[in-house]
>>> print(open('start-v1.cif').read())   # mmCIF, C-alpha atoms
data_protein
#
loop_
_atom_site.label_atom_id
_atom_site.label_comp_id
_atom_site.auth_asym_id
_atom_site.auth_seq_id
_atom_site.Cartn_x
_atom_site.Cartn_y
_atom_site.Cartn_z
CA MET A 1 -53.17 3.92 -24.37
CA THR A 2 -51.11 6.99 -25.16
CA GLY A 3 -51.07 7.94 -21.47
CA ALA A 4 -49.90 4.45 -20.56
CA ARG A 5 -46.99 4.63 -22.99
CA ARG A 6 -46.11 8.06 -21.68
CA TYR A 7 -46.03 6.69 -18.13
CA MET A 8 -43.94 3.71 -19.24
CA GLY A 9 -41.32 6.08 -20.63
CA ARG A 10 -41.32 8.18 -17.49
CA ALA A 11 -38.05 8.27 -15.56
CA LEU A 12 -38.16 7.83 -11.81
CA PRO A 13 -36.98 10.99 -9.97
CA LEU A 14 -34.15 9.14 -8.22
CA GLY A 15 -31.96 12.24 -8.36
CA ARG A 16 -34.20 13.94 -5.79
CA ASP A 17 -33.74 11.20 -3.20
CA ALA A 18 -31.68 11.72 -0.06
CA SER A 19 -29.20 9.17 -1.39
CA SER A 20 -28.28 11.60 -4.17
CA ARG A 21 -27.20 14.16 -1.59
CA TYR A 22 -25.33 11.92 0.85
CA GLY A 23 -24.43 8.87 -1.24
CA PRO A 24 -21.55 10.44 -3.21
CA TRP A 25 -19.88 11.68 -0.02
CA ILE A 26 -20.17 8.29 1.64
CA ILE A 27 -18.70 6.61 -1.44
CA ALA A 28 -15.97 9.28 -1.62
CA ALA A 29 -14.95 8.50 1.97
CA THR A 30 -14.88 4.76 1.35
CA VAL A 31 -12.93 5.10 -1.90
CA TYR A 32 -10.49 7.49 -0.19
CA ILE A 33 -9.65 5.03 2.58
CA ALA A 34 -9.63 2.07 0.19
CA ALA A 35 -7.22 3.91 -2.11
CA LEU A 36 -4.89 4.74 0.78
CA GLY A 37 -4.94 1.12 1.91
CA LEU A 38 -4.18 -0.09 -1.60
CA ALA A 39 -1.41 2.50 -2.03
CA ALA A 40 0.15 1.49 1.29
CA ALA A 41 0.10 -2.19 0.29
CA MET A 42 1.75 -1.40 -3.06
CA ALA A 43 4.36 0.90 -1.47
CA ILE A 44 5.27 -1.77 1.08
CA ALA A 45 5.55 -4.37 -1.69
CA SER A 46 7.98 -2.08 -3.52
CA ALA A 47 9.99 -1.58 -0.32
CA GLU A 48 10.11 -5.35 0.18
CA ARG A 49 11.58 -5.85 -3.30
CA SER A 50 14.10 -3.08 -2.61
CA TRP A 51 15.15 -4.66 0.70
CA ARG A 52 15.55 -8.04 -0.93
CA GLY A 53 17.79 -6.54 -3.60
CA SER A 54 19.83 -4.53 -1.10
CA PHE A 55 20.46 -7.17 1.56
CA ALA A 56 20.36 -10.47 -0.29
CA GLY A 57 23.83 -11.99 -0.40
CA ARG A 58 25.36 -9.38 1.93
CA ILE A 59 26.66 -9.19 5.46
CA SER A 60 28.23 -6.40 7.50
CA VAL A 61 31.34 -6.52 9.63
CA GLN A 62 31.89 -4.11 12.54
CA VAL A 63 35.45 -3.27 13.50
CA PRO A 64 35.60 -1.53 16.91
CA ALA A 65 37.19 1.91 17.08
CA SER A 66 40.67 2.11 18.57
CA SER A 67 43.00 4.91 19.57
CA ASP A 68 46.04 3.10 18.18
CA GLY A 69 45.47 2.95 14.44
CA THR A 70 41.96 1.99 13.43
CA GLN A 71 42.83 2.13 9.73
CA SER A 72 45.44 -0.61 10.03
CA ARG A 73 42.97 -2.82 11.89
CA VAL A 74 40.34 -2.25 9.23
CA ALA A 75 42.84 -3.04 6.47
CA GLU A 76 43.75 -6.30 8.23
CA ILE A 77 40.10 -7.32 8.48
CA VAL A 78 39.43 -6.43 4.83
CA ALA A 79 42.41 -8.51 3.72
CA LEU A 80 41.17 -11.47 5.77
CA LEU A 81 37.69 -11.13 4.28
CA LEU A 82 38.95 -10.96 0.71
CA ALA A 83 40.98 -14.10 1.33
CA THR A 84 37.80 -16.01 2.19
CA PRO A 85 36.64 -18.03 -0.87
CA ALA A 86 32.91 -17.38 -0.31
CA ILE A 87 33.38 -13.60 -0.26
CA GLU A 88 33.42 -11.69 -3.54
CA ASP A 89 34.10 -8.18 -2.26
CA ALA A 90 34.60 -6.25 0.98
CA ALA A 91 34.78 -2.47 1.30
CA PRO A 92 34.70 -0.17 4.34
CA ILE A 93 31.77 2.23 4.55
CA ASP A 94 32.75 5.88 4.66
CA GLU A 95 32.66 7.35 8.17
CA ALA A 96 30.50 10.27 7.05
CA GLU A 97 27.94 7.81 5.66
CA SER A 98 27.96 5.83 8.90
CA ARG A 99 27.31 8.97 10.92
CA ALA A 100 24.51 9.96 8.53
CA LEU A 101 22.79 6.66 9.33
CA LEU A 102 22.77 7.61 13.03
CA GLU A 103 21.61 11.20 12.63
CA PRO A 104 17.86 10.38 12.70
CA TRP A 105 18.30 8.94 16.23
CA LEU A 106 21.29 10.85 17.68
CA GLY A 107 20.95 14.16 15.86
CA THR A 108 23.87 16.27 14.69
CA GLY A 109 26.50 18.30 16.44
CA PRO A 110 29.73 17.94 18.34
CA GLY A 111 28.37 15.05 20.43
CA LEU A 112 27.93 12.81 17.42
CA ASP A 113 31.28 13.85 15.93
CA ALA A 114 33.08 12.96 19.17
CA LEU A 115 31.40 9.57 19.46
CA PRO A 116 33.82 6.72 18.60
CA LEU A 117 31.96 4.72 16.01
CA PRO A 118 32.96 1.26 14.80
CA THR A 119 33.99 0.99 11.17
CA LEU A 120 31.46 -0.84 9.05
CA ILE A 121 32.59 -3.09 6.22
CA ASP A 122 30.10 -4.01 3.52
CA VAL A 123 30.67 -7.60 2.41
CA ARG A 124 29.21 -9.09 -0.77
CA LEU A 125 29.07 -12.89 -0.97
CA ARG A 126 29.63 -14.96 -4.08
CA ARG A 127 26.43 -16.21 -5.64
CA GLY A 128 25.75 -19.81 -4.66
CA ALA A 129 28.69 -19.96 -2.22
CA GLU A 130 28.21 -21.13 1.37
CA LEU A 131 29.83 -19.13 4.14
CA ASP A 132 30.58 -20.50 7.60
CA ILE A 133 29.62 -17.42 9.62
CA VAL A 134 30.74 -18.85 12.98
CA ALA A 135 34.18 -19.83 11.75
CA LEU A 136 34.65 -16.49 10.02
CA GLU A 137 33.64 -14.53 13.11
CA VAL A 138 36.08 -16.52 15.24
CA ALA A 139 38.89 -15.75 12.75
CA LEU A 140 38.00 -12.05 12.64
CA ASP A 141 37.84 -11.78 16.43
CA ALA A 142 41.23 -13.46 16.68
CA ALA A 143 42.69 -10.92 14.26
CA VAL A 144 41.02 -7.87 15.82
CA PRO A 145 39.27 -8.51 19.17
CA GLY A 146 35.73 -7.23 19.29
CA THR A 147 35.05 -7.58 15.56
CA ARG A 148 31.65 -9.05 14.90
CA ILE A 149 29.43 -9.96 11.95
CA ASP A 150 25.91 -8.70 11.38
CA GLU A 151 23.81 -11.04 9.27
CA HIS A 152 21.03 -9.30 7.38
CA GLY A 153 19.17 -12.53 6.76
CA LEU A 154 17.55 -12.74 10.22
CA TRP A 155 16.62 -9.04 10.21
CA LEU A 156 15.32 -9.30 6.66
CA GLU A 157 13.19 -12.34 7.51
CA LYS A 158 11.55 -10.54 10.44
CA ALA A 159 11.07 -7.38 8.38
CA LEU A 160 9.44 -9.34 5.56
CA HIS A 161 7.05 -11.05 7.98
CA PHE A 162 6.04 -7.62 9.26
CA THR A 163 5.66 -6.10 5.78
CA ARG A 164 3.54 -9.04 4.62
CA ALA A 165 1.24 -8.50 7.59
CA LEU A 166 0.98 -4.82 6.65
CA GLN A 167 0.25 -5.72 3.04
CA ALA A 168 -2.49 -8.10 4.13
CA PHE A 169 -3.95 -5.38 6.35
CA GLY A 170 -3.89 -2.86 3.50
CA ALA A 171 -5.51 -5.31 1.11
CA ALA A 172 -8.17 -6.23 3.67
CA LEU A 173 -8.84 -2.54 4.29
CA THR A 174 -9.29 -1.97 0.56
CA VAL A 175 -11.72 -4.88 0.23
CA LEU A 176 -13.64 -3.85 3.36
CA PHE A 177 -14.25 -0.30 2.19
CA ALA A 178 -15.01 -1.41 -1.36
CA LEU A 179 -17.73 -3.59 0.15
CA ALA A 180 -18.88 -0.58 2.17
CA ALA A 181 -19.28 1.33 -1.10
CA VAL A 182 -21.31 -1.57 -2.49
CA ALA A 183 -23.45 -1.56 0.66
CA THR A 184 -24.07 2.15 0.10
CA ALA A 185 -25.31 1.40 -3.42
CA VAL A 186 -27.59 -1.34 -2.10
CA PHE A 187 -28.97 0.94 0.61
CA ALA A 188 -29.61 3.74 -1.90
CA THR A 189 -31.39 1.29 -4.21
CA ARG A 190 -33.61 -0.07 -1.47
CA ALA A 191 -34.42 3.45 -0.31
CA GLY A 192 -35.36 4.35 -3.88
CA LEU A 193 -37.57 1.29 -4.20
CA ALA A 194 -39.36 2.19 -0.97
CA ALA A 195 -39.75 5.86 -1.88
CA HIS A 196 -41.03 5.22 -5.40
CA GLY A 197 -42.91 1.99 -4.80
CA GLU A 198 -46.22 3.44 -5.95
CA ALA A 199 -44.76 4.83 -9.18
CA ILE A 200 -42.98 1.55 -9.87
CA GLY A 201 -46.24 -0.33 -9.30
CA ILE A 202 -48.05 1.85 -11.83
CA MET A 203 -45.23 1.49 -14.37
CA ARG A 204 -45.42 -2.28 -14.09
CA LEU A 205 -49.19 -2.15 -14.29
CA VAL A 206 -49.09 -0.33 -17.64
CA GLY A 207 -46.53 -2.77 -19.03
CA ALA A 208 -43.06 -1.51 -18.06
CA GLN A 209 -40.59 -4.37 -17.89
CA ASP A 210 -38.56 -5.01 -14.74
CA THR A 211 -35.33 -4.70 -16.70
CA ARG A 212 -36.30 -1.16 -17.78
CA ILE A 213 -36.97 -0.16 -14.19
CA ALA A 214 -33.73 -1.79 -13.06
CA ARG A 215 -31.75 0.18 -15.68
CA GLN A 216 -32.84 3.42 -14.05
CA PHE A 217 -31.52 2.30 -10.68
CA VAL A 218 -28.32 1.04 -12.29
CA ALA A 219 -27.79 4.42 -13.97
CA HIS A 220 -28.47 6.17 -10.66
CA SER A 221 -25.96 3.94 -8.89
CA LEU A 222 -23.37 4.62 -11.60
CA ASN A 223 -23.89 8.36 -11.18
CA LEU A 224 -23.38 8.17 -7.41
CA ALA A 225 -20.32 5.92 -7.73
CA ILE A 226 -18.61 8.05 -10.38
CA LYS A 227 -19.13 11.28 -8.46
CA GLY A 228 -18.00 9.85 -5.14
CA GLY A 229 -15.22 7.76 -6.68
CA ILE A 230 -13.61 10.68 -8.47
CA VAL A 231 -13.69 12.85 -5.34
CA GLY A 232 -12.31 10.06 -3.12
CA CYS A 233 -9.58 9.14 -5.59
CA ALA A 234 -8.55 12.79 -6.03
CA LEU A 235 -8.30 13.27 -2.26
CA ALA A 236 -6.25 10.07 -1.95
CA ALA A 237 -3.88 11.25 -4.72
CA ALA A 238 -3.42 14.59 -2.94
CA THR A 239 -2.73 12.82 0.35
CA LEU A 240 -0.15 10.52 -1.26
CA PHE A 241 1.51 13.49 -2.95
CA LEU A 242 1.88 15.28 0.39
CA LEU A 243 3.17 12.12 2.08
CA GLY A 244 5.69 11.59 -0.69
CA ARG A 245 6.88 15.16 -0.34
CA TYR A 246 7.10 15.51 3.42
CA ALA A 247 7.33 11.98 4.88
CA PRO A 248 10.80 11.04 6.22
CA GLY A 249 11.45 8.09 3.93
CA GLY A 250 14.75 6.74 2.73
CA THR A 251 17.39 4.26 3.73
CA ALA A 252 18.29 5.95 6.99
CA LEU A 253 14.93 5.27 8.60
CA MET A 254 14.32 2.07 6.63
CA LEU A 255 10.88 3.36 5.64
CA PRO A 256 9.30 2.70 2.26
CA GLU A 257 9.30 5.65 -0.10
CA MET A 258 5.76 6.95 -0.57
CA THR A 259 6.12 6.95 -4.35
CA LEU A 260 4.20 4.83 -6.81
CA SER A 261 5.01 3.67 -10.31
CA PRO A 262 2.79 4.69 -13.26
CA LEU A 263 1.27 1.20 -13.22
CA GLN A 264 0.41 1.54 -9.54
CA TRP A 265 -1.12 4.98 -10.11
CA GLY A 266 -3.19 3.37 -12.85
CA ALA A 267 -4.42 0.76 -10.38
CA LEU A 268 -5.54 3.52 -8.02
CA ALA A 269 -7.25 5.39 -10.85
CA GLY A 270 -9.16 2.23 -11.72
CA LEU A 271 -10.52 1.86 -8.19
CA PRO A 272 -13.58 4.16 -8.79
CA LEU A 273 -14.40 2.13 -11.92
CA ILE A 274 -14.31 -1.09 -9.91
CA VAL A 275 -16.53 0.42 -7.21
CA ALA A 276 -18.91 1.70 -9.92
CA ALA A 277 -19.10 -1.73 -11.56
CA LEU A 278 -19.78 -3.43 -8.23
CA GLY A 279 -22.38 -0.81 -7.33
CA MET A 280 -24.18 -1.20 -10.67
CA ALA A 281 -24.26 -4.97 -10.34
CA SER A 282 -25.51 -4.72 -6.76
CA ALA A 283 -28.21 -2.21 -7.73
CA ARG A 284 -29.47 -4.38 -10.56
CA LEU A 285 -29.51 -7.50 -8.39
CA THR A 286 -31.32 -5.66 -5.59
CA VAL A 287 -34.01 -4.28 -7.91
CA MET A 288 -34.61 -7.55 -9.76
CA ARG A 289 -34.91 -9.48 -6.47
CA ALA A 290 -37.30 -6.91 -4.99
CA LEU A 291 -39.50 -6.85 -8.09
CA SER A 292 -39.56 -10.64 -8.39
CA ARG A 293 -40.90 -10.89 -4.85
CA VAL A 294 -43.71 -8.47 -5.65
CA GLY A 295 -44.71 -10.63 -8.60
#
>>> encode(input="start-v1.cif", output="structure tokens")
Amino acid sequence: MTGARRYMGRALPLGRDASSRYGPWIIAATVYIAALGLAAAMAIASAERSWRGSFAGRISVQVPASSDGTQSRVAEIVALLLATPAIEDAAPIDEAESRALLEPWLGTGPGLDALPLPTLIDVRLRRGAELDIVALEVALDAAVPGTRIDEHGLWLEKALHFTRALQAFGAALTVLFALAAVATAVFATRAGLAAHGEAIGIMRLVGAQDTRIARQFVAHSLNLAIKGGIVGCALAAATLFLLGRYAPGGTALMLPEMTLSPLQWGALAGLPLIVAALGMASARLTVMRALSRVG
């Protein structure tokens, strides 16, 4: 009887299984990619909010360059814009700022400085006001031939469709690799059941409950998930730090900044805990199903 109780309290040597050597690295890889996918989705969502705030209620007016007094032509266009009831403000964009927007594509040097660039006018619309773009463009072209209006609404709509597709892809990638981590936990559990089937049979024979056996596999799964999750999350954080430091973000390239808010960093830090919880639940379910079939 004493020997039976001693065997009932015996822990299965799950830490010696092959899953203990390779499982954490597999989970680390899946958490790493899942974290990057989640970070990309959150960064794109932040960029989308920034674009909405920057371009909502705004249009741009381009006044072509001229050798006979560009400043007077720009002043005439600005006066016409300010006289339009639906327009709240209109201000020319500094030439140096306009050239800075072109530097990522055209580079710097005498060639860019000699290029005759149109003058850009940033126009802010009144909230709730309706602007007849066609009529305004006709009036502007009559005042200064070649003047045209750039609506940000169409560009913004296309950009938002694209960013939403990227967000969906990032979210799907996160879910896919989280499920891969769960599959790793299930595989490790099944391998442990097969490797220690004889010991489990003896434990049940001497009175060990299935829930006690399942707790050992759950603890083993938690150990694998925590080890792999921490490594994967740390590698993802290092990757995001390097991207944020060296990636060419900013308004000039219209790329989202690879920076995350404290709340978003917290969401990434919680990813290993989510994977661990899913792995524990999967391990318990796998063990209880397998033992129930044995009877």
>>> resolve_selection(input="start-v1.cif", expression="the PyMOL selection byres ((chain A and resi 24) around 10)", output="list in words")
Ser19, Ser20, Arg21, Tyr22, Gly23, Trp25, Ile26, Ile27, Ala28, Ala29, Thr30, Ala181, Thr184, Ala185, Ser221, Asn223, Leu224, Ala225, Ile226, Lys227, Gly228, Gly229, Ile230, Val231 and Gly232 of chain A
>>> atom_distance(input="start-v1.cif", atom1="CA of Thr239 (chain A)", atom2="CA of Ala34 (chain A)")
12.8 Å
>>> atom_distance(input="start-v1.cif", atom1="CA of Arg73 (chain A)", atom2="CA of Ile149 (chain A)")
15.3 Å
>>> resolve_selection(input="start-v1.cif", expression="the PyMOL selection byres ((chain A and resi 13) around 10)", output="NGL selection string")
:A and (10-12 or 14-17 or 192 or 195-196 or 199 or 216 or 220)
>>> residues_near_point(input="start-v1.cif", point="(36.8, -12.8, -9.8)", cutoff="10 Å", atoms="all atoms listed in the file", output="ChimeraX atom specification")
/A:88-89,126
>>> resolve_selection(input="start-v1.cif", expression="the PyMOL selection byres ((chain A and resi 35) around 9)", output="list in words")
Thr30, Val31, Tyr32, Ile33, Ala34, Leu36, Gly37, Leu38, Ala39, Ala40, Thr174, Gly232, Cys233, Ala236, Ala237, Leu268, Ala269 and Leu271 of chain A
>>> residues_near_point(input="start-v1.cif", point="(38.0, -18.6, -0.4)", cutoff="12 Å", atoms="all atoms listed in the file", output="ChimeraX atom specification")
/A:79-89,125-126,129-132,136
>>> write_last_selection(input="start-v1.cif", atoms="C-alpha atoms", output="PDB file, keeping the file's coordinate frame")
ATOM      1  CA  ALA A  79      42.410  -8.510   3.720  1.00  0.00           C
ATOM      2  CA  LEU A  80      41.170 -11.470   5.770  1.00  0.00           C
ATOM      3  CA  LEU A  81      37.690 -11.130   4.280  1.00  0.00           C
ATOM      4  CA  LEU A  82      38.950 -10.960   0.710  1.00  0.00           C
ATOM      5  CA  ALA A  83      40.980 -14.100   1.330  1.00  0.00           C
ATOM      6  CA  THR A  84      37.800 -16.010   2.190  1.00  0.00           C
ATOM      7  CA  PRO A  85      36.640 -18.030  -0.870  1.00  0.00           C
ATOM      8  CA  ALA A  86      32.910 -17.380  -0.310  1.00  0.00           C
ATOM      9  CA  ILE A  87      33.380 -13.600  -0.260  1.00  0.00           C
ATOM     10  CA  GLU A  88      33.420 -11.690  -3.540  1.00  0.00           C
ATOM     11  CA  ASP A  89      34.100  -8.180  -2.260  1.00  0.00           C
ATOM     12  CA  LEU A 125      29.070 -12.890  -0.970  1.00  0.00           C
ATOM     13  CA  ARG A 126      29.630 -14.960  -4.080  1.00  0.00           C
ATOM     14  CA  ALA A 129      28.690 -19.960  -2.220  1.00  0.00           C
ATOM     15  CA  GLU A 130      28.210 -21.130   1.370  1.00  0.00           C
ATOM     16  CA  LEU A 131      29.830 -19.130   4.140  1.00  0.00           C
ATOM     17  CA  ASP A 132      30.580 -20.500   7.600  1.00  0.00           C
ATOM     18  CA  LEU A 136      34.650 -16.490  10.020  1.00  0.00           C
TER      19      LEU A 136
END
>>> residues_around(input="start-v1.cif", residues="Leu260 (chain A)", least_positions_apart="3", cutoff="10 Å", atoms="all atoms listed in the file", output="tab-separated table (two decimals) with C-alpha atoms, in the frame of the given file")
chain	number	residue	atom	x	y	z
A	39	ALA	CA	-1.41	2.50	-2.03
A	40	ALA	CA	0.15	1.49	1.29
A	42	MET	CA	1.75	-1.40	-3.06
A	43	ALA	CA	4.36	0.90	-1.47
A	46	SER	CA	7.98	-2.08	-3.52
A	240	LEU	CA	-0.15	10.52	-1.26
A	241	PHE	CA	1.51	13.49	-2.95
A	244	GLY	CA	5.69	11.59	-0.69
A	257	GLU	CA	9.30	5.65	-0.10
A	263	LEU	CA	1.27	1.20	-13.22
A	264	GLN	CA	0.41	1.54	-9.54
A	265	TRP	CA	-1.12	4.98	-10.11
A	266	GLY	CA	-3.19	3.37	-12.85
A	268	LEU	CA	-5.54	3.52	-8.02
>>> closest_residue(input="start-v1.cif", among="A:Ala214, A:Ala75, A:Leu243, A:Ala171", to="Arg190 (chain A)", atoms="only C-alpha atoms")
A:Ala214
>>> closest_residue(input="start-v1.cif", among="A:Leu278, A:Val123, A:Ala183, A:Ile77", to="Val63 (chain A)", atoms="all atoms listed in the file")
A:Ile77
>>> atom_distance(input="start-v1.cif", atom1="CA of Pro64 (chain A)", atom2="CA of Leu117 (chain A)")
7.3 Å
>>> residues_around(input="start-v1.cif", residues="Ala283 (chain A)", least_positions_apart="6", cutoff="6 Å", atoms="all atoms listed in the file", output="PyMOL selection string")
chain A and resi 186+189+218
>>> write_last_selection(input="start-v1.cif", atoms="C-alpha atoms", output="mmCIF file, keeping the file's coordinate frame")
data_model
loop_
_atom_site.group_PDB
_atom_site.id
_atom_site.type_symbol
_atom_site.label_atom_id
_atom_site.label_comp_id
_atom_site.auth_asym_id
_atom_site.auth_seq_id
_atom_site.Cartn_x
_atom_site.Cartn_y
_atom_site.Cartn_z
ATOM 1 C CA VAL A 186 -27.590 -1.340 -2.100
ATOM 2 C CA THR A 189 -31.390 1.290 -4.210
ATOM 3 C CA VAL A 218 -28.320 1.040 -12.290
#
>>> residues_around(input="start-v1.cif", residues="Leu166 (chain A)", least_positions_apart="2", cutoff="10 Å", atoms="all atoms listed in the file", output="PyMOL selection string")
chain A and resi 37+40-41+44-45+160-164+168-172
>>> residues_around(input="start-v1.cif", residues="Gln209 (chain A)", least_positions_apart="4", cutoff="12 Å", atoms="all atoms listed in the file", output="ChimeraX atom specification")
/A:8-9,200-205,213-216,287-288,291-292,295
